[in-house]
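Structure data follow from final.cif (mmCIF, C-alpha atoms):
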```cif
data_structure
loop_
_atom_site.group_PDB
_atom_site.id
_atom_site.type_symbol
_atom_site.label_atom_id
_atom_site.label_comp_id
_atom_site.auth_asym_id
_atom_site.auth_seq_id
_atom_site.Cartn_x
_atom_site.Cartn_y
_atom_site.Cartn_z
ATOM 1 C CA LEU A 1 31.303 -39.728 -11.335
ATOM 2 C CA ILE A 2 29.871 -36.652 -13.021
ATOM 3 C CA LEU A 3 28.462 -33.848 -10.882
ATOM 4 C CA LEU A 4 25.910 -32.177 -13.095
ATOM 5 C CA ASP A 5 23.941 -28.960 -12.746
ATOM 6 C CA TYR A 6 20.346 -28.769 -13.955
ATOM 7 C CA GLU A 7 20.717 -25.506 -15.853
ATOM 8 C CA MET A 8 23.697 -25.047 -18.142
ATOM 9 C CA GLN A 9 24.475 -22.803 -21.106
ATOM 10 C CA VAL A 10 24.470 -25.182 -24.077
ATOM 11 C CA CYS A 11 21.988 -27.828 -22.941
ATOM 12 C CA SER A 12 20.169 -28.654 -19.737
ATOM 13 C CA GLY A 13 21.447 -31.205 -17.259
ATOM 14 C CA PRO A 14 18.608 -33.621 -18.064
ATOM 15 C CA GLN A 15 19.395 -33.318 -21.798
ATOM 16 C CA PHE A 16 23.064 -34.002 -21.121
ATOM 17 C CA LEU A 17 22.209 -37.045 -19.011
ATOM 18 C CA GLU A 18 19.962 -38.374 -21.793
ATOM 19 C CA MET A 19 22.824 -37.920 -24.273
ATOM 20 C CA ILE A 20 25.402 -39.798 -22.200
ATOM 21 C CA ARG A 21 22.892 -42.562 -21.401
ATOM 22 C CA SER A 22 22.311 -43.061 -25.137
ATOM 23 C CA GLU A 23 25.989 -43.768 -25.850
ATOM 24 C CA PRO A 24 27.273 -47.279 -25.062
ATOM 25 C CA SER A 25 30.681 -45.968 -23.985
ATOM 26 C CA THR A 26 29.241 -43.515 -21.425
ATOM 27 C CA LYS A 27 25.876 -44.996 -20.414
ATOM 28 C CA ASP A 28 27.182 -46.478 -17.164
ATOM 29 C CA ILE A 29 29.003 -43.399 -15.849
ATOM 30 C CA PRO A 30 27.333 -42.420 -12.580
ATOM 31 C CA VAL A 31 25.801 -38.943 -12.456
ATOM 32 C CA ILE A 32 24.777 -36.952 -9.404
ATOM 33 C CA PHE A 33 22.915 -33.702 -9.896
ATOM 34 C CA LEU A 34 24.194 -30.804 -7.809
ATOM 35 C CA THR A 35 21.762 -27.998 -8.412
ATOM 36 C CA ALA A 36 19.615 -25.250 -6.961
ATOM 37 C CA LYS A 37 16.479 -26.595 -8.712
ATOM 38 C CA ASP A 38 14.264 -27.910 -5.943
ATOM 39 C CA ASP A 39 10.760 -27.660 -7.394
ATOM 40 C CA ALA A 40 8.853 -30.942 -7.609
ATOM 41 C CA GLU A 41 8.503 -30.933 -11.402
ATOM 42 C CA SER A 42 12.240 -30.478 -12.016
ATOM 43 C CA VAL A 43 13.197 -33.127 -9.461
ATOM 44 C CA LYS A 44 10.672 -35.614 -10.873
ATOM 45 C CA LYS A 45 11.932 -35.070 -14.423
ATOM 46 C CA VAL A 46 15.494 -35.834 -13.358
ATOM 47 C CA LEU A 47 14.650 -38.802 -11.142
ATOM 48 C CA ASN A 48 12.930 -40.459 -14.103
ATOM 49 C CA LEU A 49 16.389 -40.497 -15.754
ATOM 50 C CA LYS A 50 17.752 -42.487 -12.785
ATOM 51 C CA PRO A 51 20.750 -40.429 -11.679
ATOM 52 C CA SER A 52 22.895 -41.747 -8.847
ATOM 53 C CA GLY A 53 21.748 -38.850 -6.676
ATOM 54 C CA TYR A 54 20.213 -35.390 -6.491
ATOM 55 C CA LEU A 55 21.863 -32.860 -4.187
ATOM 56 C CA LEU A 56 20.967 -29.234 -3.608
ATOM 57 C CA LYS A 57 23.515 -26.436 -3.694
ATOM 58 C CA THR A 58 21.885 -25.036 -0.566
ATOM 59 C CA MET A 59 23.224 -28.004 1.442
ATOM 60 C CA LYS A 60 26.211 -27.391 3.654
ATOM 61 C CA PRO A 61 29.507 -28.351 1.967
ATOM 62 C CA GLY A 62 30.053 -31.094 4.543
ATOM 63 C CA GLU A 63 26.671 -32.647 3.698
ATOM 64 C CA ILE A 64 27.469 -32.629 -0.006
ATOM 65 C CA GLN A 65 30.842 -34.244 0.674
ATOM 66 C CA SER A 66 29.228 -36.823 2.945
ATOM 67 C CA ASN A 67 26.730 -37.792 0.240
ATOM 68 C CA ILE A 68 29.515 -38.184 -2.310
ATOM 69 C CA ASP A 69 31.599 -40.217 0.147
ATOM 70 C CA THR A 70 28.592 -42.465 0.792
ATOM 71 C CA PHE A 71 28.142 -42.965 -2.950
ATOM 72 C CA PHE A 72 31.748 -44.171 -3.301
ATOM 73 C CA ALA A 73 31.545 -46.319 -0.159
ATOM 74 C CA LYS A 74 28.491 -48.124 -1.545
ATOM 75 C CA ARG A 75 30.304 -48.783 -4.837
ATOM 76 C CA LYS A 76 33.207 -50.440 -2.981
ATOM 77 C CA ALA A 77 30.869 -52.785 -1.081
#
```
structure tokens encoding of this file:
Amino acid sequence: LILLDYEMQVCSGPQFLEMIRSEPSTKDIPVIFLTAKDDAESVKKVLNLKPSGYLLKTMKPGEIQSNIDTFFAKRKA
């Protein structure tokens, strides 16, 4: 699992996700965005790339952890 921010120094989170999806050896690695970007346009752009989730940094730490735990629980099932 990769936790990915939307805005980064070298390339954006969406660009990074596009890059790893284009490589056969990394295309199936799950990615969850953990970001402060909550505007509709940014969220829509990312969701079109089909990440495993989109979490906001403004969430309480317990909520973030719960979402990640749920992700792993679903993968075990």
Next on the checklist: Could you tell me, as an MDAnalysis selection string, exactly which residues end up selected when the PyMOL selection byres ((chain A and resi 46) around 12) is applied to this structure?
Outcome noted: chainID A and resid 4:7 12:18 31:35 37:45 47:55
Item to check | Non-local contacts of Arg75 in chain A (12 Å; only C-alpha atoms; under 5 positions in same chain excluded) as number ranges by chain | outcome: A: 1, 30, 52, 68-70
Selection from above, C-alpha atoms, as a short mmCIF file (atom, residue, chain, number, x, y, z; two decimals), in the frame of the given file, can you write it?
```cif
data_model
loop_
_atom_site.label_atom_id
_atom_site.label_comp_id
_atom_site.auth_asym_id
_atom_site.auth_seq_id
_atom_site.Cartn_x
_atom_site.Cartn_y
_atom_site.Cartn_z
CA LEU A 1 31.30 -39.73 -11.34
CA PRO A 30 27.33 -42.42 -12.58
CA SER A 52 22.90 -41.75 -8.85
CA ILE A 68 29.52 -38.18 -2.31
CA ASP A 69 31.60 -40.22 0.15
CA THR A 70 28.59 -42.46 0.79
#
```
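Between CA of Met59 in chain A and CA of Ile29 in chain A the interatomic distance comes to 23.9 Å.
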Report, as JSON, the axis-aligned box around all atoms of range 18-24 of chain A present in the file, extended by 3 Å on each side; give centre and edge lengths in Å to one decimal place.
```
{"center_x": 23.6, "center_y": -42.6, "center_z": -23.6, "size_x": 13.3, "size_y": 15.4, "size_z": 10.4}
```
Item to check | Atomic distance CA of Thr26 in chain A - CA of Leu3 in chain A, expressed in Å with one decimal | outcome: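 According to the coordinates, CA of Thr26 in chain A and CA of Leu3 in chain A are separated by 14.3 Å.
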Next on the checklist: Just to confirm, what's the straight-line distance from CA of Thr58 in chain A to CA of Phe72 in chain A in Å (one decimal)?
Outcome noted: 21.7 Å
Can I get range 38-49 of chain A with all heavy atoms filled in, as a PDB file, in the coordinates of the input?
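File produced: part_8.pdb:
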```pdb
ATOM      1  N   ASP A  38      14.875 -27.055  -6.953  1.00  0.00           N
ATOM      2  CA  ASP A  38      14.264 -27.910  -5.943  1.00  0.00           C
ATOM      3  C   ASP A  38      12.749 -28.040  -6.093  1.00  0.00           C
ATOM      4  O   ASP A  38      12.090 -28.629  -5.242  1.00  0.00           O
ATOM      5  CB  ASP A  38      14.615 -27.423  -4.532  1.00  0.00           C
ATOM      6  CG  ASP A  38      14.072 -26.036  -4.235  1.00  0.00           C
ATOM      7  OD1 ASP A  38      13.514 -25.391  -5.143  1.00  0.00           O
ATOM      8  OD2 ASP A  38      14.196 -25.599  -3.083  1.00  0.00           O
ATOM      9  N   ASP A  39      12.196 -27.521  -7.200  1.00  0.00           N
ATOM     10  CA  ASP A  39      10.760 -27.660  -7.394  1.00  0.00           C
ATOM     11  C   ASP A  39      10.423 -29.099  -7.803  1.00  0.00           C
ATOM     12  O   ASP A  39      11.225 -29.791  -8.423  1.00  0.00           O
ATOM     13  CB  ASP A  39      10.245 -26.665  -8.437  1.00  0.00           C
ATOM     14  CG  ASP A  39      10.852 -26.897  -9.809  1.00  0.00           C
ATOM     15  OD1 ASP A  39      12.009 -26.475 -10.020  1.00  0.00           O
ATOM     16  OD2 ASP A  39      10.179 -27.520 -10.648  1.00  0.00           O
ATOM     17  N   ALA A  40       9.251 -29.541  -7.428  1.00  0.00           N
ATOM     18  CA  ALA A  40       8.853 -30.942  -7.609  1.00  0.00           C
ATOM     19  C   ALA A  40       8.923 -31.390  -9.067  1.00  0.00           C
ATOM     20  O   ALA A  40       9.376 -32.502  -9.356  1.00  0.00           O
ATOM     21  CB  ALA A  40       7.447 -31.154  -7.060  1.00  0.00           C
ATOM     22  N   GLU A  41       8.514 -30.549  -9.987  1.00  0.00           N
ATOM     23  CA  GLU A  41       8.503 -30.933 -11.402  1.00  0.00           C
ATOM     24  C   GLU A  41       9.924 -31.177 -11.919  1.00  0.00           C
ATOM     25  O   GLU A  41      10.175 -32.165 -12.614  1.00  0.00           O
ATOM     26  CB  GLU A  41       7.830 -29.843 -12.239  1.00  0.00           C
ATOM     27  CG  GLU A  41       7.701 -30.212 -13.706  1.00  0.00           C
ATOM     28  CD  GLU A  41       6.967 -29.147 -14.494  1.00  0.00           C
ATOM     29  OE1 GLU A  41       6.090 -28.467 -13.938  1.00  0.00           O
ATOM     30  OE2 GLU A  41       7.287 -28.999 -15.685  1.00  0.00           O
ATOM     31  N   SER A  42      10.850 -30.318 -11.575  1.00  0.00           N
ATOM     32  CA  SER A  42      12.240 -30.478 -12.016  1.00  0.00           C
ATOM     33  C   SER A  42      12.863 -31.732 -11.421  1.00  0.00           C
ATOM     34  O   SER A  42      13.535 -32.494 -12.118  1.00  0.00           O
ATOM     35  CB  SER A  42      13.070 -29.254 -11.612  1.00  0.00           C
ATOM     36  OG  SER A  42      12.597 -28.096 -12.243  1.00  0.00           O
ATOM     37  N   VAL A  43      12.632 -31.954 -10.132  1.00  0.00           N
ATOM     38  CA  VAL A  43      13.197 -33.127  -9.461  1.00  0.00           C
ATOM     39  C   VAL A  43      12.626 -34.401 -10.076  1.00  0.00           C
ATOM     40  O   VAL A  43      13.364 -35.335 -10.384  1.00  0.00           O
ATOM     41  CB  VAL A  43      12.932 -33.073  -7.941  1.00  0.00           C
ATOM     42  CG1 VAL A  43      13.387 -34.357  -7.271  1.00  0.00           C
ATOM     43  CG2 VAL A  43      13.630 -31.870  -7.318  1.00  0.00           C
ATOM     44  N   LYS A  44      11.323 -34.430 -10.293  1.00  0.00           N
ATOM     45  CA  LYS A  44      10.672 -35.614 -10.873  1.00  0.00           C
ATOM     46  C   LYS A  44      11.220 -35.920 -12.262  1.00  0.00           C
ATOM     47  O   LYS A  44      11.497 -37.073 -12.589  1.00  0.00           O
ATOM     48  CB  LYS A  44       9.164 -35.407 -10.940  1.00  0.00           C
ATOM     49  CG  LYS A  44       8.410 -36.619 -11.430  1.00  0.00           C
ATOM     50  CD  LYS A  44       6.919 -36.384 -11.412  1.00  0.00           C
ATOM     51  CE  LYS A  44       6.197 -37.593 -11.982  1.00  0.00           C
ATOM     52  NZ  LYS A  44       4.750 -37.395 -12.017  1.00  0.00           N
ATOM     53  N   LYS A  45      11.405 -34.879 -13.063  1.00  0.00           N
ATOM     54  CA  LYS A  45      11.932 -35.070 -14.423  1.00  0.00           C
ATOM     55  C   LYS A  45      13.298 -35.742 -14.377  1.00  0.00           C
ATOM     56  O   LYS A  45      13.589 -36.651 -15.139  1.00  0.00           O
ATOM     57  CB  LYS A  45      12.018 -33.726 -15.149  1.00  0.00           C
ATOM     58  CG  LYS A  45      12.551 -33.825 -16.555  1.00  0.00           C
ATOM     59  CD  LYS A  45      12.576 -32.482 -17.238  1.00  0.00           C
ATOM     60  CE  LYS A  45      13.092 -32.595 -18.659  1.00  0.00           C
ATOM     61  NZ  LYS A  45      13.098 -31.300 -19.344  1.00  0.00           N
ATOM     62  N   VAL A  46      14.143 -35.287 -13.478  1.00  0.00           N
ATOM     63  CA  VAL A  46      15.494 -35.834 -13.358  1.00  0.00           C
ATOM     64  C   VAL A  46      15.469 -37.250 -12.785  1.00  0.00           C
ATOM     65  O   VAL A  46      16.178 -38.129 -13.265  1.00  0.00           O
ATOM     66  CB  VAL A  46      16.382 -34.900 -12.514  1.00  0.00           C
ATOM     67  CG1 VAL A  46      17.669 -35.573 -12.109  1.00  0.00           C
ATOM     68  CG2 VAL A  46      16.690 -33.641 -13.291  1.00  0.00           C
ATOM     69  N   LEU A  47      14.674 -37.479 -11.768  1.00  0.00           N
ATOM     70  CA  LEU A  47      14.650 -38.802 -11.142  1.00  0.00           C
ATOM     71  C   LEU A  47      14.175 -39.878 -12.106  1.00  0.00           C
ATOM     72  O   LEU A  47      14.575 -41.032 -11.992  1.00  0.00           O
ATOM     73  CB  LEU A  47      13.804 -38.777  -9.872  1.00  0.00           C
ATOM     74  CG  LEU A  47      14.377 -37.939  -8.726  1.00  0.00           C
ATOM     75  CD1 LEU A  47      13.475 -38.007  -7.511  1.00  0.00           C
ATOM     76  CD2 LEU A  47      15.789 -38.360  -8.376  1.00  0.00           C
ATOM     77  N   ASN A  48      13.349 -39.507 -13.072  1.00  0.00           N
ATOM     78  CA  ASN A  48      12.930 -40.459 -14.103  1.00  0.00           C
ATOM     79  C   ASN A  48      14.100 -40.924 -14.962  1.00  0.00           C
ATOM     80  O   ASN A  48      14.032 -41.973 -15.598  1.00  0.00           O
ATOM     81  CB  ASN A  48      11.832 -39.860 -14.985  1.00  0.00           C
ATOM     82  CG  ASN A  48      10.499 -39.774 -14.280  1.00  0.00           C
ATOM     83  OD1 ASN A  48      10.218 -40.529 -13.353  1.00  0.00           O
ATOM     84  ND2 ASN A  48       9.669 -38.842 -14.702  1.00  0.00           N
ATOM     85  N   LEU A  49      15.187 -40.137 -14.980  1.00  0.00           N
ATOM     86  CA  LEU A  49      16.389 -40.497 -15.754  1.00  0.00           C
ATOM     87  C   LEU A  49      17.349 -41.356 -14.935  1.00  0.00           C
ATOM     88  O   LEU A  49      18.403 -41.737 -15.413  1.00  0.00           O
ATOM     89  CB  LEU A  49      17.088 -39.223 -16.235  1.00  0.00           C
ATOM     90  CG  LEU A  49      16.273 -38.342 -17.178  1.00  0.00           C
ATOM     91  CD1 LEU A  49      16.988 -37.016 -17.424  1.00  0.00           C
ATOM     92  CD2 LEU A  49      16.005 -39.062 -18.490  1.00  0.00           C
TER      93      LEU A  49
END
```
